[in-house]
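Working notes, beginning with the structure itself.
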There are 4 protein chains.
Amino acid sequence: MAHHQFQPQVYYSAIGAHEPALHIAPGDTVSTTTVDAGGYDGSNEPVTPGGNPQTGPFHIQDAEPGDSIAVTFDHLAPNRKIGYTSSRIAANVLDFGYIPKFDDDIGRVEWEIDFENNTASPLGLDGPLNGLKLPLCPMVGCFGVAPPRGQAISTATSSTHGGNMDYRGFVEGVTVTFPVFVPGALFHLGDGHAVQGDGEIVGTGIEISFDVTFTVRLLKGRTITWPRAENKTHIMAIGNARPLDQAVQHATTEMVCFLQEDYGLDARTIHVLMGQVVEYDIGNIYDPAYTMVCKISKQTLENIGATRT
Amino acid sequence: MAHHQFQPQVYYSAIGAHEPALHIAPGDTVSTTTVDAGGYDGSNEPVTPGGNPQTGPFHIQDAEPGDSIAVTFDHLAPNRKIGYTSSRIAANVLDFGYIPKFDDDIGRVEWEIDFENNTASPLGLDGPLNGLKLPLCPMVGCFGVAPPRGQAISTATSSTHGGNMDYRGFVEGVTVTFPVFVPGALFHLGDGHAVQGDGEIVGTGIEISFDVTFTVRLLKGRTITWPRAENKTHIMAIGNARPLDQAVQHATTEMVCFLQEDYGLDARTIHVLMGQVVEYDIGNIYDPAYTMVCKISKQTLENIGATRT
Amino acid sequence: MAHHQFQPQVYYSAIGAHEPALHIAPGDTVSTTTVDAGGYDGSNEPVTPGGNPQTGPFHIQDAEPGDSIAVTFDHLAPNRKIGYTSSRIAANVLDFGYIPKFDDDIGRVEWEIDFENNTASPLGLDGPLNGLKLPLCPMVGCFGVAPPRGQAISTATSSTHGGNMDYRGFVEGVTVTFPVFVPGALFHLGDGHAVQGDGEIVGTGIEISFDVTFTVRLLKGRTITWPRAENKTHIMAIGNARPLDQAVQHATTEMVCFLQEDYGLDARTIHVLMGQVVEYDIGNIYDPAYTMVCKISKQTLENIGATRT
Amino acid sequence: MAHHQFQPQVYYSAIGAHEPALHIAPGDTVSTTTVDAGGYDGSNEPVTPGGNPQTGPFHIQDAEPGDSIAVTFDHLAPNRKIGYTSSRIAANVLDFGYIPKFDDDIGRVEWEIDFENNTASPLGLDGPLNGLKLPLCPMVGCFGVAPPRGQAISTATSSTHGGNMDYRGFVEGVTVTFPVFVPGALFHLGDGHAVQGDGEIVGTGIEISFDVTFTVRLLKGRTITWPRAENKTHIMAIGNARPLDQAVQHATTEMVCFLQEDYGLDARTIHVLMGQVVEYDIGNIYDPAYTMVCKISKQTLENIGATRT
């Protein structure tokens with residue numbers, strides 16, 4: 001159960017079977033940093049080309065295809081004062097043919113983090129946004145493991161291996177489980193957001209560099225198809241695809257499997273229950289692949305006496 | 001400001017320019033009942049063919065195309081003890097080719113309402129669901145106004161006129177605003193659910209007959225494209241279309257217009273703000289048209305000093 | 001087997017259970033006219049509001065829900081010299097955020113029909129289009145029967161009842177079969193195009209008024225789900241939905257059923273065969289619902305000895 | 001203008017920046033072979049794992065990001081007598097919840113090529129397919145260049161770099177142009193089909209090993225976004241995405257650009273013309289990404305005097 005301090009030297013903008021940056025054992029904890037989506041570090045200096053550059057990959061000893069790994073975010077926090085957002089809702093979430101009319105084209109917006117009050121505020125904007133203070137909700141946008149078939153998948157998108165899911169539920173305390181496709185799993189992470197709206201509809205959260213501490217467990221022989229997650233209140237299954245309908249299909253089917261495999265529930269119980277208690281959250285709806293999160297409350301599972309097998 | 005007691009005699013399974021069942025004035029309140037989705041009334045007797053039969057239509061005096069009407073649900077409550085759900089997640093929210101394996105095919109499930117404890121429980125089910133108590137959250141699944149172009153649109157689906165949106169935020173206290181397409185607007189409502197999961201993924205909530213009291217205001221000359229809504233904490237814009245991506249597009253664009261028209265915000269402020277604070281909820285993902293709800297917190301609008309114009 | 005001459009007096013922009021304009025018997029032929037999409041007649045005079053106004057409905061004696069009717073277009077021809085097209089590809093068939101840059105905004109384009117040479121040419125356009133002669137290919141864009149559930153469906157869209165399918169294979173000589181949803185079927189037709197590209201991607205063909213002669217047969221007890229069609233070379237099944245993926249699903253499934261029901265082929269033969277010989281054509285991709293046509297060559301069916309049962 | 005004989009030693013199931021298998025110069029011709037989708041060679045022996053294994057990559061001298069390469073298929077022919085198809089239409093092209101009922105589950109079907117008569121026939125099937133002779137139409141299913149951003153993309157799917165497009169127009173004589181994303185372009189090819197229906201709806205054509213001869217030209221400084229193609233009668237633009245609607249958007253937009261860039265036409269001419277003459281063909285609708293082909297007839301371009309600039 002070592003605790004590694006890891007300082008990244010190289011970053012990747014595709015998640016794939018790159019040379020491991022650090023070898024760790026199941027149960028180990030890693031403290032490291034991530035640069036922002038544009039490749040700027042904690043000093044706001046450019047250290048690598050932009051595009052959600054990833055720290056890692058971390059090689060998890062004994063992880064083999066067919067296993068899964070569970071990553072818990074022990075600590076997630078911006079490590080500098082300045083972040084950035086885009087200032088324009090993406091065309092793909094607006095009506096066909098709808099063209100916004102701006103008085104000016106301000107490009108990106110700079111935000112300042114107030115670490116004392118745990119808020120973020122835009123800088124240099126006139127008008128109603130002047131003085132806005134948004135509560136921080138630090139989350140990691142893009143993380144995952146090397147995909148199957150010798151692929152290396154752009155950090156602009158997402159699939160079964162995770163990737164750029166931009167779900168604002170991926171905060172400190174959450175545990176995310178990934179299928180393992182290559183020996184060592186090869187976990188990557190990056191793209192921290194101090195704040196983000198549902199869907200990342202402007203194509204950014206408040207993009208900023210992060211300090212991250214995470215712990216990895218190995219679930220030997222536990223095969224899953226899509227990422228799963230859990231926090232204090234819910235279990236979750238994540239689907240990544242376009243259109244959003246298909247992300248719903250993947251997330252819902254994975255949740256059915258989750259409840260069968262991990263809670264030993266029969267299909268009929270699952271269908272009847274999910275019909276009346278299921279919840280969905282939207283992750284990224286900006287990428288090539290969209291992200292949908294299917295959730296079940298742990299309280300409901302307790303109420304029916306369903307326990308982890 | 002009359003308060004009408006209305007007892008429906010006829011029900012419609014398409015929302016259209018039917019003969020008005022009651023003429024009311026702007027500001028009036030109506031207390032009435034709705035049958036369940038299968039056409040069963042408060043005594044659990046069949047009174048009309050199934051398919052989300054609608055009470056109404058209510059003709060609102062002076063409502064003309066180009067206006068909108070705001071309907072507030074003052075009271076929503078099941079008016080009998082027994083409701084029903086389907087027991088099978090719809091194929092369109094599961095992976096292509098995924099075929100659930102049930103030990104038995106139980107068809108629909110009967111649920112009993114405990115009005116004292118405000119819960120619903122399935123009846124006659126063995127296994128883990130035996131003893132389940134779900135908190136009631138009464139909502140109306142299908143309601144809206146006569147659509148444009150002489151259309152009559154099935155209550156199985158939804159569009160700009162409202163319809164079968166099955167959003168579990170449409171509870172007591174909410175106000176929903178509809179565009180007016182025909183003189184009198186012709187408001188219909190039905191399809192009450194005692195409880196429902198996000199998306200109505202089994203094709204039903206707990207289907208039950210309702211007592212409903214609602215008040216209608218006329219917003220003269222206020223033209224909107226899609227339904228809008230508000231509750232104590234949020235304003236909302238609703239998009240109804242398939243795929244879900246397009247429902248997102250309609251809801252998001254309508255929210256941009258909502259903030260421009262009703263709060264006087266400029267496009268740049270809206271885009272920057274929505275990017276970091278927008279929320280989405282899923283309504284129906286079972287119908288021909290899916291429903292997406294785009295939300296902004298009223299607290300955030302207050303924080304930037306944005307007030308209703 | 002009467003041959004009716006019918007002069008329309010009233011037109012509808014929703015397809016529904018309107019008062020029959022003419023009662024005909026199975027086997028009867030009707031010669032009539034249609035106005036153009038904008039409501040202009042053979043003298044290019046406005047006679048009804050625009051929006052694909054429909055001639056009819058025609059009530060077919062003895063047609064009952066569960067039957068189908070087969071409509072053969074015996075004659076289809078523009079009946080005036082001038083037609084119109086839009087001049088802009090619709091936003092929904094171009095990339096998100098792609099905004100065409102035109103030097104001028106010319107609005108609609110006027111086309112002249114040369115009946116001697118069977119071509120259409122744009123009028124008053126400078127540049128490369130000056131002198132263009134496109135071969136005429138007269139087709140009917142919007143036709144169908146009254147839909148189920150008391151619905152009236154806008155002629156801007158399409159569904160199981162037919163409607164605005166804009167398929168350029170719907171030409172003279174084709175036979176299209178519709179499910180019957182209401183007594184008498186209530187056949188409507190309109191929206192003739194002298195020429196049209198696949199998909200109707202500018203939202204119009206060359207819109208023009210038509211002379212039409214059609215013959216209706218009644219297929220008693222022959223229940224179908226989606227429109228089917230046939231010409232000299234192919235049988236076809238039509239799916240109308242959005243996204244296009246779902247139109248594919250409807251059309252393909254209907255073709256499987258077509259081959260099972262009408263040719264008595266078993267599922268395995270159909271699947272193996274369709275995999276290697278199926279053809280798809282695109283109808284409308286501009287409407288709320290898109291249209292996909294699934295085709296099988298009659299020659300192939302002959303080659304395997306499959307005959308109509 | 002060398003003519004290389006190339007015998008592949010290694011195959012890839014992701015298209016990426018692999019070690020070049022052969023360096024060629026612009027204008028060179030290569031004669032080589034491809035194994036079938038399952039990794040079986042011209043002797044029907046397994047030589048590599050299945051999944052559309054690719055021959056190559058071929059490094060084209062001087063090709064740089066921002067250029068494009070034009071690949072002409074000089075010769076395409078199956079090089080053995082036996083091919084295979086799946087026997088089941090994919091769930092994603094059938095209605096949600098539609099479950100085909102087969103009397104038996106025959107798995108894959110074996111087909112024999114008759115090189116004399118240029119036909120393919122299924123082997124060992126009873127019933128109507130016994131004796132079927134389908135005309136050969138040899139085509140390449142999967143080919144393309146190394147994608148951008150350090151990606152390696154599975155040969156099960158497609159994107160801007162080409163990939164598994166399964167378009168039955170990719171036959172002998174066609175020229176396909178790809179954007180260059182990495183130095184040398186790195187062209188891969190494989191997955192030959194002796195016959196294939198539109199859409200590859202059973203997930204296979206008649207899968208077989210091929211002899212292929214192709215010639216590569218370098219279009220220095222000619223930047224394109226999506227693959228383009230041309231044959232004797234048409235120019236084409238290819239879009240690869242899901243849903244099919246988005247493949248339409250990419251293909252249509254790329255065609256607009258093609259006509260602007262290569263024929264010097266203005267936007268208005270292009271929009272008016274495409275509206276009335278555009279054609280679409282469907283490629284793969286089985287993969288994660290679907291393929292749509294947007295076509296314009298060369299005859300039409302000649303008629304308006306439009307010539308390659």
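Chain identifiers are assigned as A, B, and so on, following the order in which chains appear in the structure tokens; residues are numbered from 1 within each chain, and ligands are numbered from 1 in order of appearance.
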Find the residues of chain A in contact range of chain C, meaning any atom within 10 Å when counting only C-alpha atoms, and list them as an NGL selection string.
:A and (90-99 or 243)
Near Glu207 in chain A, within 6 Å and counting only C-alpha atoms, which residues show up once chain neighbours fewer than 5 positions away are dropped, as a ChimeraX atom specification?
/A:36,83-84,193
File dump, residues just selected, N, CA, C and O atoms, as a short mmCIF file (atom, residue, chain, number, x, y, z; two decimals), in the first residue's frame:
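Heads up, here's the output in selection.cif:
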data_model
loop_
_atom_site.label_atom_id
_atom_site.label_comp_id
_atom_site.auth_asym_id
_atom_site.auth_seq_id
_atom_site.Cartn_x
_atom_site.Cartn_y
_atom_site.Cartn_z
N ASP A 36 -3.81 21.72 -17.33
CA ASP A 36 -5.17 22.02 -17.79
C ASP A 36 -5.38 21.54 -19.23
O ASP A 36 -4.45 21.03 -19.86
N GLY A 83 -8.36 30.04 -14.10
CA GLY A 83 -8.89 29.04 -15.02
C GLY A 83 -9.54 29.72 -16.21
O GLY A 83 -9.67 30.95 -16.24
N TYR A 84 -9.98 28.92 -17.17
CA TYR A 84 -10.51 29.47 -18.41
C TYR A 84 -11.77 28.74 -18.85
O TYR A 84 -11.87 27.53 -18.69
N HIS A 193 -11.59 20.39 -13.93
CA HIS A 193 -12.49 21.55 -14.00
C HIS A 193 -12.81 22.01 -12.58
O HIS A 193 -13.21 21.20 -11.75
#
What lies within 7 Å of range 59-71 of chain B using only C-alpha atoms, ignoring chain neighbours under 3 positions off, as number ranges by chain?
B: 20, 22-26, 175-187, 214-224
Using only C-alpha atoms, which protein or nucleic acid residues come within 10 Å of range 44-55 of chain D? Drop anything in the same chain fewer than 5 positions from it, and give the result as a PyMOL selection string.
(chain A and resi 149) or (chain D and resi 6-15+21+32-39+79-83+141-144+154-156+163-164+187-192+207-209)
Go through D:Pro147, D:Pro128, D:Gly275, D:Gly173 one by one, measure the shortest atom-to-atom distance of each to Val109 in chain C using only C-alpha atoms, and give the residue with the smallest value.
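Among D:Pro147, D:Pro128, D:Gly275, D:Gly173, it is D:Gly275 that comes nearest to Val109 in chain C.
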So that I can see what lies close to range 232-234 of chain B, please list as a list in words the residues with an atom at most 12 Å from it, counting only C-alpha atoms and leaving out residues fewer than 5 positions away in the same chain.
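Answer for this query is Gly169, Val171, Glu172, Gly173, Val174, Thr175, Met255, Val277, Val278, Glu279, Tyr280, Asp281, Val293, Cys294, Lys295, Ile296, Ser297, Lys298, Gln299, Thr300, Leu301 and Glu302 of chain B.
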Can you write just those residues out, N, CA and C atoms, as a JSON list (two decimals), in the first residue's frame?
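Writing the result to part.json gives the following:
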[["chain", "number", "residue", "atom", "x", "y", "z"],
["B", 169, "GLY", "N", -40.55, 16.21, -12.70],
["B", 169, "GLY", "CA", -40.59, 17.54, -12.08],
["B", 169, "GLY", "C", -41.94, 18.22, -12.22],
["B", 171, "VAL", "N", -44.81, 18.45, -10.84],
["B", 171, "VAL", "CA", -45.49, 18.11, -9.58],
["B", 171, "VAL", "C", -46.29, 19.31, -9.09],
["B", 172, "GLU", "N", -46.99, 19.14, -8.01],
["B", 172, "GLU", "CA", -47.73, 20.22, -7.36],
["B", 172, "GLU", "C", -46.83, 21.42, -7.15],
["B", 173, "GLY", "N", -47.33, 22.59, -7.52],
["B", 173, "GLY", "CA", -46.58, 23.81, -7.30],
["B", 173, "GLY", "C", -45.87, 24.33, -8.54],
["B", 174, "VAL", "N", -45.67, 23.46, -9.51],
["B", 174, "VAL", "CA", -44.97, 23.90, -10.72],
["B", 174, "VAL", "C", -45.93, 24.70, -11.62],
["B", 175, "THR", "N", -45.37, 25.64, -12.36],
["B", 175, "THR", "CA", -46.14, 26.38, -13.37],
["B", 175, "THR", "C", -45.53, 26.08, -14.73],
["B", 255, "MET", "N", -34.16, 27.84, -23.68],
["B", 255, "MET", "CA", -33.64, 28.48, -22.45],
["B", 255, "MET", "C", -32.88, 29.76, -22.79],
["B", 277, "VAL", "N", -23.38, 26.65, -15.41],
["B", 277, "VAL", "CA", -24.42, 26.42, -14.40],
["B", 277, "VAL", "C", -25.63, 25.64, -14.91],
["B", 278, "VAL", "N", -25.68, 25.36, -16.21],
["B", 278, "VAL", "CA", -26.88, 24.71, -16.74],
["B", 278, "VAL", "C", -27.06, 23.32, -16.14],
["B", 279, "GLU", "N", -28.32, 22.91, -15.97],
["B", 279, "GLU", "CA", -28.64, 21.56, -15.51],
["B", 279, "GLU", "C", -29.64, 20.96, -16.50],
["B", 280, "TYR", "N", -29.57, 19.66, -16.68],
["B", 280, "TYR", "CA", -30.54, 18.97, -17.52],
["B", 280, "TYR", "C", -31.22, 17.84, -16.75],
["B", 281, "ASP", "N", -32.51, 17.71, -16.94],
["B", 281, "ASP", "CA", -33.24, 16.56, -16.43],
["B", 281, "ASP", "C", -33.87, 15.84, -17.62],
["B", 293, "VAL", "N", -35.28, 18.46, -20.31],
["B", 293, "VAL", "CA", -35.56, 19.68, -19.57],
["B", 293, "VAL", "C", -34.25, 20.39, -19.28],
["B", 294, "CYS", "N", -34.16, 21.64, -19.69],
["B", 294, "CYS", "CA", -32.98, 22.47, -19.46],
["B", 294, "CYS", "C", -33.32, 23.44, -18.32],
["B", 295, "LYS", "N", -32.50, 23.45, -17.28],
["B", 295, "LYS", "CA", -32.83, 24.21, -16.08],
["B", 295, "LYS", "C", -31.74, 25.22, -15.68],
["B", 296, "ILE", "N", -32.18, 26.33, -15.13],
["B", 296, "ILE", "CA", -31.26, 27.29, -14.51],
["B", 296, "ILE", "C", -31.78, 27.59, -13.12],
["B", 297, "SER", "N", -30.89, 27.61, -12.16],
["B", 297, "SER", "CA", -31.28, 27.88, -10.77],
["B", 297, "SER", "C", -31.66, 29.36, -10.61],
["B", 298, "LYS", "N", -32.77, 29.61, -9.92],
["B", 298, "LYS", "CA", -33.19, 31.00, -9.66],
["B", 298, "LYS", "C", -32.18, 31.72, -8.78],
["B", 299, "GLN", "N", -31.53, 30.97, -7.90],
["B", 299, "GLN", "CA", -30.52, 31.56, -7.03],
["B", 299, "GLN", "C", -29.40, 32.17, -7.85],
["B", 300, "THR", "N", -28.98, 31.44, -8.89],
["B", 300, "THR", "CA", -27.92, 31.97, -9.76],
["B", 300, "THR", "C", -28.37, 33.25, -10.45],
["B", 301, "LEU", "N", -29.61, 33.26, -10.91],
["B", 301, "LEU", "CA", -30.11, 34.46, -11.57],
["B", 301, "LEU", "C", -30.17, 35.64, -10.60],
["B", 302, "GLU", "N", -30.57, 35.37, -9.38],
["B", 302, "GLU", "CA", -30.56, 36.42, -8.36],
["B", 302, "GLU", "C", -29.15, 36.92, -8.11]]
Long-range neighbours of Gly264 in chain B as a list in words, 10 Å cut-off, only C-alpha atoms, 3 positions minimum in chain:
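My reading of the contact set: Cys257, Phe258, Leu259, Gln260, Glu261, Ala267, Ile270, Ala306, Thr307, Arg308 and Thr309 of chain B.
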Atomic separation - CA of Gln276 in chain D relative to CA of Ser86 in chain C, Å:
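Taking CA of Ser86 in chain C as the start and CA of Gln276 in chain D as the end point, the length is 9.9 Å.
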May I have all residues of range 97-250 of chain B that DSSP, computed from the backbone, assigns to alpha helix (DSSP H), given as number ranges by chain?
B: 244-250
Residues of range 13-58 of chain C in strand (DSSP E or B) according to DSSP, as a list in words?
Ala14, Ile15, Leu22, His23, Ile24, Thr29, Val30, Ser31, Thr32, Thr33, Thr34, Tyr40, Pro46, Gln54, Thr55, Gly56, Pro57 and Phe58 of chain C
Give me the residues near Ser87 in chain D as a list in words, where near means some atom within 10 Å (using only C-alpha atoms) and where sequence neighbours in that chain fewer than 5 positions away do not count.
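Within the cut-off, the hits are Ala267, Arg268, Thr269, Ile270, His271, Val272, Leu273, Met274 and Gly275 of chain C; Asp105, Ile106, Gly107, Arg108, Val109, Val202, Gly203 and Thr204 of chain D.
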State, in Å with one decimal place, the distance from CA of Leu125 in chain D to CA of Phe170 in chain D.
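CA of Phe170 in chain D lies at a distance of 29.1 Å from CA of Leu125 in chain D.
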From the set D:Ala247, D:Val212, D:Ala241, D:Ile304, which residue has the shortest atom-to-atom contact distance to Ala289 in chain A, counting only C-alpha atoms?
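Between D:Ala247, D:Val212, D:Ala241, D:Ile304, the residue approaching Ala289 in chain A most closely is D:Ala241.
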